Amino acid sequence: MQEERILEVKGLTKVYPGVIALNKVDFEVTRGEVHALVGENGAGKSTLIKCITGAEKATEGTIVFDGLEYSHINPSEAIRRGISTIYQEFNLVPFQTVAENIMIGRYPNKFSIINDKEMRRQARAIMEELGVPIDIDTRVSTLTVGYQQLVEIAKAVSRNAKLIIMDEPSAALTSNELNYLFKIIDQLKQKGISILYISHRLEEIFEICDRVTVFRDGEMITTMNVRDTNKDELIKLMVNRELSNSYPHTALPRGRKSLEVRHLNTSLLKDISFEAYEGEILGFSGLVGSGRTEIMRAIFGADRMDSGEIYLYDKKYVPTSPQKAIKNRIGYISEDRKKDGLCLHLNIKENTVMADYGAVSRFGVVNERQITDATKKECEKLRVKTPSYQQLAKNLSGGNQQKVVLAKWLFANCDVIIFDEPTRGIDVGAKQEIYALMHELVQQNKTLIMVSSEMPEMLGMADRIIVMHEGRIMKELMHDEADQQTLLKYASNAA
């Protein structure tokens with residue numbers, strides 16, 4: 001019924017130079033529902049959200065929110081009307097307290113003097129209403145990612161949000177934090193608050209969402225009740241093509257020992273020793289904070305080792321800097337691609353060749369033709385979707401950003417490539433492409449080291465798995481020895 005709709009989008013179109021990001025989209029969200037929005041990276045989901053929240057102006061079409069129609073509003077007006085968005089990159093002030101972040105921009109005051117007692121009272125009331133066990137005087141910088149997300153939700157509720165948009169809310173959460181998030185979402189739903197839930201983790205949609213809308217190539221394909229569909233149907237609607245086996249990697253004959261770490265120690269890591277070989281994918285499993293990423297950063301020279309030795313092809317290697325790692329043909333696809341993997345304000349071409357400018361220059365002068373040819377070769381191989389290789393990295397979808405990071409290390413022709421959460425925040429089709437590429441790389445005798453919090457991914461792709469707990473290696477398992485229960489047992493030190 002019309003009166004049940006909190007949001008209605010009519011004929012929304014957004015055109016950028018060279019690309020139609022949205023094409024006459026009709027879309028609606030009803031009051032008190034959890035509505036999933038799914039599609040491959042570049043399908044138009046982010047553009048739709050930007051138009052709804054006022055971050056972008058639609059080329060044509062209208063939006064009706066809570067009975068009021070508009071073609072464009074600014075983000076501040078969207079918040080005042082009751083639209084709040086929780087992005088993957090939180091909009092929090094790290095050095096301020098939880099209470100200050102919840103009430104930011106709306107501090108109770110008299111004669112321009114903030115009433116700290118009243119601010120804390122209001123913040124505490126919101127947290128108690130949501131049942132969130134966080135001290136409001138805690139500085140946000142000390143909280144886990146999961147708890148920071150709950151602070152964002154509390155901030156949205158304190159602004160009397162009627163619609164909360166959650167963009168990949170589970171990407172960096174532990175299983176316990178995810179369960180807490182789901183409880184909060186259910187509470188919000190019971191209060192009549194609508195949730196627009198964007199996620200590439202399809203299993204979550206079937207757990208918490210009422211309806212799901214599929215986007216593909218800038219168009220709204222269909223909206224269905226979640227109970228009337230299944231994962232396979234959603235994937236088929238999203239990608240419009242047949243996908244091969246989810247995990248295409250099969251064990252290959254192991255080649256030479258390429259990397260050896262001996263007794264690596266830092267303030268977190270304790271006596272880490274392992275070997276990696278050509279033609280294999282070595283997995284690192286464990287809970288968040290177990291030290292997996294810290295090992296990779298030490299190998300890449302991004303963090304200092306307190307003690308220990310590393311050997312590349314039996315020659316001692318001292319990782320004093322990322323530049324030295326790159327010179328030794330080690331590539332690192334970092335967990336946070338926006339912070340550590342890309343220069344967001346540079347274009348695709350510049351990002352692709354930045355790890356090895358020497359290959360496209362002579363006597364210190366870069367050859368633009370070689371840069372273009374190299375970018376075209378690597379980005380076509382990875383199916384990067386872009387109207388131009390001059391496109392800035394910040395304007396790409398998450399999946400295409402990840403592909404550009406991959407293109408950089410492929411161009412640098414690295415022998416050892418570290419994949420830290422390689423498919424975080426990307427769609428099922430892009431995941432398949434990355435898995436296929438990983439298998440292709442080990443066929444070329446590359447050594448791949450993979451950190452992943454997704455157990456099916458770890459079990460499906462890794463030849464060997466090293467399980468971490470609180471900075472220590474707990475167990476090394478061959479592929480046929482590993483299952484989810486065994487990984488969890490060692491990761492939680494319950495063995």
# chains A, B, ... in the order shown; residues from 1 in each chain; ligands from 1
$ residues_around --residues "Thr53 of chain A" --least-positions-apart "3" --cutoff "7 Å" --atoms "only C-alpha atoms" --output "number ranges by chain"
A: 49-50, 75, 78, 83
$ residues_around --residues "Arg472 of chain A" --least-positions-apart "5" --cutoff "7 Å" --atoms "only C-alpha atoms" --output "PyMOL selection string"
chain A and resi 269-270+272
$ residues_around --residues "His439 of chain A" --least-positions-apart "6" --cutoff "10 Å" --atoms "only C-alpha atoms" --output "ChimeraX atom specification"
/A:247-252,279-281,446,448,461
$ write_last_selection --atoms "N, CA, C and O atoms" --output "PDB file, in the first residue's frame"
ATOM      1  N   TYR A 247      35.106 -22.447  -6.186  1.00  0.00           N
ATOM      2  CA  TYR A 247      36.533 -22.415  -5.865  1.00  0.00           C
ATOM      3  C   TYR A 247      37.284 -23.267  -6.887  1.00  0.00           C
ATOM      4  O   TYR A 247      37.384 -24.482  -6.734  1.00  0.00           O
ATOM      5  N   PRO A 248      37.817 -22.628  -7.936  1.00  0.00           N
ATOM      6  CA  PRO A 248      38.386 -23.384  -9.051  1.00  0.00           C
ATOM      7  C   PRO A 248      39.769 -23.969  -8.772  1.00  0.00           C
ATOM      8  O   PRO A 248      40.282 -24.730  -9.579  1.00  0.00           O
ATOM      9  N   HIS A 249      40.372 -23.601  -7.639  1.00  0.00           N
ATOM     10  CA  HIS A 249      41.745 -24.038  -7.405  1.00  0.00           C
ATOM     11  C   HIS A 249      41.824 -25.525  -7.075  1.00  0.00           C
ATOM     12  O   HIS A 249      41.047 -26.045  -6.268  1.00  0.00           O
ATOM     13  N   THR A 250      42.754 -26.205  -7.698  1.00  0.00           N
ATOM     14  CA  THR A 250      43.079 -27.595  -7.365  1.00  0.00           C
ATOM     15  C   THR A 250      44.577 -27.674  -7.104  1.00  0.00           C
ATOM     16  O   THR A 250      45.362 -26.899  -7.663  1.00  0.00           O
ATOM     17  N   ALA A 251      44.965 -28.597  -6.246  1.00  0.00           N
ATOM     18  CA  ALA A 251      46.368 -28.710  -5.855  1.00  0.00           C
ATOM     19  C   ALA A 251      47.250 -28.999  -7.061  1.00  0.00           C
ATOM     20  O   ALA A 251      46.904 -29.785  -7.937  1.00  0.00           O
ATOM     21  N   LEU A 252      48.404 -28.335  -7.091  1.00  0.00           N
ATOM     22  CA  LEU A 252      49.385 -28.519  -8.156  1.00  0.00           C
ATOM     23  C   LEU A 252      50.677 -29.061  -7.559  1.00  0.00           C
ATOM     24  O   LEU A 252      50.914 -28.938  -6.350  1.00  0.00           O
ATOM     25  N   GLY A 279      53.952 -22.458  -6.678  1.00  0.00           N
ATOM     26  CA  GLY A 279      52.854 -23.310  -7.120  1.00  0.00           C
ATOM     27  C   GLY A 279      51.865 -23.690  -6.044  1.00  0.00           C
ATOM     28  O   GLY A 279      51.096 -24.630  -6.223  1.00  0.00           O
ATOM     29  N   GLU A 280      51.868 -22.973  -4.907  1.00  0.00           N
ATOM     30  CA  GLU A 280      50.887 -23.280  -3.858  1.00  0.00           C
ATOM     31  C   GLU A 280      50.260 -22.007  -3.323  1.00  0.00           C
ATOM     32  O   GLU A 280      50.808 -20.901  -3.447  1.00  0.00           O
ATOM     33  N   ILE A 281      49.083 -22.175  -2.722  1.00  0.00           N
ATOM     34  CA  ILE A 281      48.432 -21.105  -1.974  1.00  0.00           C
ATOM     35  C   ILE A 281      48.526 -21.479  -0.495  1.00  0.00           C
ATOM     36  O   ILE A 281      47.949 -22.487  -0.063  1.00  0.00           O
ATOM     37  N   LYS A 446      53.953 -18.985  -9.312  1.00  0.00           N
ATOM     38  CA  LYS A 446      53.984 -17.928  -8.312  1.00  0.00           C
ATOM     39  C   LYS A 446      53.689 -18.540  -6.941  1.00  0.00           C
ATOM     40  O   LYS A 446      53.072 -19.610  -6.832  1.00  0.00           O
ATOM     41  N   LEU A 448      51.604 -17.810  -3.573  1.00  0.00           N
ATOM     42  CA  LEU A 448      50.535 -16.969  -3.036  1.00  0.00           C
ATOM     43  C   LEU A 448      50.356 -17.254  -1.556  1.00  0.00           C
ATOM     44  O   LEU A 448      50.295 -18.416  -1.138  1.00  0.00           O
ATOM     45  N   MET A 461      40.336 -22.637  -1.232  1.00  0.00           N
ATOM     46  CA  MET A 461      41.453 -22.156  -2.044  1.00  0.00           C
ATOM     47  C   MET A 461      42.836 -22.548  -1.541  1.00  0.00           C
ATOM     48  O   MET A 461      43.780 -22.626  -2.331  1.00  0.00           O
TER      49      MET A 461
END
$ closest_residue --among "A:Asp303, A:Met296, A:Leu441, A:Leu282" --to "Gly460 of chain A" --atoms "only C-alpha atoms"
A:Leu282
$ closest_atom_pairs --of "segment 242-314 of chain A" --to "segment 170-193 of chain A" --cutoff "12 Å" --atoms "only C-alpha atoms" --output "tab-separated table"
residue	atom	partner	partner_atom	distance
A:Gly286	CA	A:Thr174	CA	10.7
A:Leu287	CA	A:Thr174	CA	7.5
A:Val288	CA	A:Thr174	CA	6.8
A:Gly289	CA	A:Thr174	CA	10.2
A:Ser290	CA	A:Thr174	CA	12.0
$ atom_distance --atom1 "atom CA of Tyr16 of chain A" --atom2 "atom CA of Asn74 of chain A"
19.0 Å
$ residues_around --residues "Asn395 of chain A" --least-positions-apart "5" --cutoff "12 Å" --atoms "only C-alpha atoms" --output "ChimeraX atom specification"
/A:16,21,42,46-47,338,342-348,385-390,400-401
$ write_last_selection --atoms "N, CA, C and O atoms" --output "PDB file, in the first residue's frame"
ATOM      1  N   TYR A  16      27.054   9.783 -16.050  1.00  0.00           N
ATOM      2  CA  TYR A  16      28.390  10.358 -15.944  1.00  0.00           C
ATOM      3  C   TYR A  16      28.990  10.383 -17.341  1.00  0.00           C
ATOM      4  O   TYR A  16      28.512   9.674 -18.240  1.00  0.00           O
ATOM      5  N   ALA A  21      25.133   5.311 -15.178  1.00  0.00           N
ATOM      6  CA  ALA A  21      25.262   4.603 -13.903  1.00  0.00           C
ATOM      7  C   ALA A  21      23.923   4.087 -13.409  1.00  0.00           C
ATOM      8  O   ALA A  21      23.848   3.018 -12.788  1.00  0.00           O
ATOM      9  N   GLY A  42      29.710  -2.072  -9.484  1.00  0.00           N
ATOM     10  CA  GLY A  42      29.436  -1.317 -10.697  1.00  0.00           C
ATOM     11  C   GLY A  42      28.015  -1.464 -11.193  1.00  0.00           C
ATOM     12  O   GLY A  42      27.663  -0.916 -12.237  1.00  0.00           O
ATOM     13  N   SER A  46      25.769   1.918  -5.330  1.00  0.00           N
ATOM     14  CA  SER A  46      26.350   3.084  -4.655  1.00  0.00           C
ATOM     15  C   SER A  46      25.807   4.387  -5.231  1.00  0.00           C
ATOM     16  O   SER A  46      25.557   5.347  -4.496  1.00  0.00           O
ATOM     17  N   THR A  47      25.620   4.414  -6.550  1.00  0.00           N
ATOM     18  CA  THR A  47      25.079   5.627  -7.180  1.00  0.00           C
ATOM     19  C   THR A  47      23.667   5.897  -6.699  1.00  0.00           C
ATOM     20  O   THR A  47      23.298   7.053  -6.429  1.00  0.00           O
ATOM     21  N   LYS A 338      41.730   0.951   0.166  1.00  0.00           N
ATOM     22  CA  LYS A 338      41.651   2.401   0.000  1.00  0.00           C
ATOM     23  C   LYS A 338      42.764   3.120   0.741  1.00  0.00           C
ATOM     24  O   LYS A 338      43.290   4.129   0.280  1.00  0.00           O
ATOM     25  N   LEU A 342      45.833   1.705  -2.823  1.00  0.00           N
ATOM     26  CA  LEU A 342      45.652   2.607  -3.954  1.00  0.00           C
ATOM     27  C   LEU A 342      46.016   4.038  -3.590  1.00  0.00           C
ATOM     28  O   LEU A 342      45.969   4.422  -2.415  1.00  0.00           O
ATOM     29  N   CYS A 343      46.342   4.825  -4.597  1.00  0.00           N
ATOM     30  CA  CYS A 343      46.365   6.281  -4.466  1.00  0.00           C
ATOM     31  C   CYS A 343      45.052   6.757  -5.076  1.00  0.00           C
ATOM     32  O   CYS A 343      44.907   6.804  -6.309  1.00  0.00           O
ATOM     33  N   LEU A 344      44.080   7.047  -4.235  1.00  0.00           N
ATOM     34  CA  LEU A 344      42.716   7.275  -4.694  1.00  0.00           C
ATOM     35  C   LEU A 344      42.582   8.471  -5.632  1.00  0.00           C
ATOM     36  O   LEU A 344      41.682   8.508  -6.471  1.00  0.00           O
ATOM     37  N   HIS A 345      43.466   9.454  -5.492  1.00  0.00           N
ATOM     38  CA  HIS A 345      43.357  10.653  -6.318  1.00  0.00           C
ATOM     39  C   HIS A 345      44.201  10.576  -7.594  1.00  0.00           C
ATOM     40  O   HIS A 345      44.319  11.555  -8.322  1.00  0.00           O
ATOM     41  N   LEU A 346      44.774   9.392  -7.846  1.00  0.00           N
ATOM     42  CA  LEU A 346      45.442   9.148  -9.123  1.00  0.00           C
ATOM     43  C   LEU A 346      44.545   8.277  -9.992  1.00  0.00           C
ATOM     44  O   LEU A 346      43.650   7.597  -9.493  1.00  0.00           O
ATOM     45  N   ASN A 347      44.800   8.278 -11.290  1.00  0.00           N
ATOM     46  CA  ASN A 347      43.940   7.498 -12.181  1.00  0.00           C
ATOM     47  C   ASN A 347      44.377   6.039 -12.251  1.00  0.00           C
ATOM     48  O   ASN A 347      45.369   5.632 -11.639  1.00  0.00           O
ATOM     49  N   ILE A 348      43.633   5.258 -13.024  1.00  0.00           N
ATOM     50  CA  ILE A 348      43.894   3.822 -13.121  1.00  0.00           C
ATOM     51  C   ILE A 348      45.275   3.550 -13.696  1.00  0.00           C
ATOM     52  O   ILE A 348      46.001   2.682 -13.196  1.00  0.00           O
ATOM     53  N   LYS A 385      35.888  -2.641 -14.956  1.00  0.00           N
ATOM     54  CA  LYS A 385      34.818  -1.880 -15.599  1.00  0.00           C
ATOM     55  C   LYS A 385      35.060  -0.387 -15.393  1.00  0.00           C
ATOM     56  O   LYS A 385      35.015   0.108 -14.272  1.00  0.00           O
ATOM     57  N   THR A 386      35.323   0.331 -16.483  1.00  0.00           N
ATOM     58  CA  THR A 386      35.572   1.764 -16.406  1.00  0.00           C
ATOM     59  C   THR A 386      35.378   2.380 -17.783  1.00  0.00           C
ATOM     60  O   THR A 386      35.686   1.746 -18.800  1.00  0.00           O
ATOM     61  N   PRO A 387      34.858   3.598 -17.851  1.00  0.00           N
ATOM     62  CA  PRO A 387      34.727   4.250 -19.159  1.00  0.00           C
ATOM     63  C   PRO A 387      36.068   4.698 -19.722  1.00  0.00           C
ATOM     64  O   PRO A 387      36.198   4.912 -20.923  1.00  0.00           O
ATOM     65  N   SER A 388      37.080   4.838 -18.850  1.00  0.00           N
ATOM     66  CA  SER A 388      38.379   5.319 -19.292  1.00  0.00           C
ATOM     67  C   SER A 388      39.435   4.954 -18.262  1.00  0.00           C
ATOM     68  O   SER A 388      39.160   4.943 -17.054  1.00  0.00           O
ATOM     69  N   TYR A 389      40.661   4.697 -18.732  1.00  0.00           N
ATOM     70  CA  TYR A 389      41.755   4.431 -17.803  1.00  0.00           C
ATOM     71  C   TYR A 389      42.266   5.719 -17.156  1.00  0.00           C
ATOM     72  O   TYR A 389      43.130   5.675 -16.287  1.00  0.00           O
ATOM     73  N   GLN A 390      41.682   6.849 -17.550  1.00  0.00           N
ATOM     74  CA  GLN A 390      41.955   8.117 -16.879  1.00  0.00           C
ATOM     75  C   GLN A 390      41.073   8.303 -15.653  1.00  0.00           C
ATOM     76  O   GLN A 390      41.238   9.256 -14.895  1.00  0.00           O
ATOM     77  N   ASN A 400      36.177  -3.108  -8.503  1.00  0.00           N
ATOM     78  CA  ASN A 400      37.097  -2.614  -9.527  1.00  0.00           C
ATOM     79  C   ASN A 400      38.348  -2.002  -8.909  1.00  0.00           C
ATOM     80  O   ASN A 400      39.435  -2.084  -9.482  1.00  0.00           O
ATOM     81  N   GLN A 401      38.205  -1.400  -7.729  1.00  0.00           N
ATOM     82  CA  GLN A 401      39.390  -0.922  -7.009  1.00  0.00           C
ATOM     83  C   GLN A 401      40.317  -2.092  -6.676  1.00  0.00           C
ATOM     84  O   GLN A 401      41.542  -2.007  -6.845  1.00  0.00           O
TER      85      GLN A 401
END
$ residues_around --residues "Ile20 of chain A" --least-positions-apart "6" --cutoff "12 Å" --atoms "only C-alpha atoms" --output "JSON list (two decimals) with C-alpha atoms, in the first residue's frame"
[["chain", "number", "residue", "atom", "x", "y", "z"],
["A", 12, "LEU", "CA", 15.87, 7.73, -11.50],
["A", 13, "THR", "CA", 18.67, 8.18, -14.03],
["A", 14, "LYS", "CA", 22.27, 9.23, -13.44],
["A", 42, "GLY", "CA", 29.44, -1.32, -10.70],
["A", 43, "ALA", "CA", 25.78, -2.39, -10.86],
["A", 44, "GLY", "CA", 24.58, 1.03, -9.63],
["A", 47, "THR", "CA", 25.08, 5.63, -7.18],
["A", 58, "ALA", "CA", 20.28, 12.61, -10.41],
["A", 59, "THR", "CA", 20.17, 13.48, -14.10],
["A", 60, "GLU", "CA", 16.43, 12.86, -14.08],
["A", 216, "ARG", "CA", 22.62, -5.13, -12.81],
["A", 217, "ASP", "CA", 24.42, -2.71, -15.14],
["A", 218, "GLY", "CA", 22.65, 0.34, -13.74],
["A", 219, "GLU", "CA", 19.16, -1.15, -13.96],
["A", 386, "THR", "CA", 35.57, 1.76, -16.41],
["A", 387, "PRO", "CA", 34.73, 4.25, -19.16]]
$ closest_atom_pairs --of "segment 169-235 of chain A" --to "segment 415-433 of chain A" --cutoff "12 Å" --atoms "only C-alpha atoms" --output "tab-separated table"
residue	atom	partner	partner_atom	distance
A:Pro169	CA	A:Gly425	CA	9.5
A:Ser170	CA	A:Gly425	CA	9.0
A:Ala171	CA	A:Gly425	CA	6.0
A:Ala172	CA	A:Arg424	CA	8.1
A:Leu173	CA	A:Arg424	CA	11.0
A:Ile198	CA	A:Gly425	CA	10.1
A:Ser199	CA	A:Gly425	CA	7.7
A:His200	CA	A:Asp427	CA	5.2
A:Arg201	CA	A:Asp427	CA	8.2
A:Leu202	CA	A:Val428	CA	8.9
A:Glu203	CA	A:Val428	CA	11.9
A:Phe215	CA	A:Asp427	CA	11.8
A:Arg216	CA	A:Gly429	CA	11.6
A:Lys231	CA	A:Val428	CA	10.8
A:Asp232	CA	A:Val428	CA	10.9
A:Leu234	CA	A:Val428	CA	10.3
A:Ile235	CA	A:Val428	CA	7.3
$ residues_around --residues "segment 159-165 of chain A" --least-positions-apart "5" --cutoff "7 Å" --atoms "only C-alpha atoms" --output "number ranges by chain"
A: 82-86, 193-197
$ closest_residue --among "A:Ser453, A:Val214, A:Ala374, A:Cys414" --to "Ala325 of chain A" --atoms "only C-alpha atoms"
A:Cys414
$ select_by_dssp --residues "segment 244-297 of chain A" --states "alpha helix (DSSP H)" --output "PyMOL selection string"
chain A and resi 292-297
$ select_by_dssp --residues "segment 57-149 of chain A" --states "strand (DSSP E)" --output "ChimeraX atom specification"
/A:60-65,68-70,83-86,109-110,113-114
$ closest_residue --among "A:Ile299, A:Leu37, A:Val366, A:Val239" --to "Met166 of chain A" --atoms "only C-alpha atoms"
A:Leu37
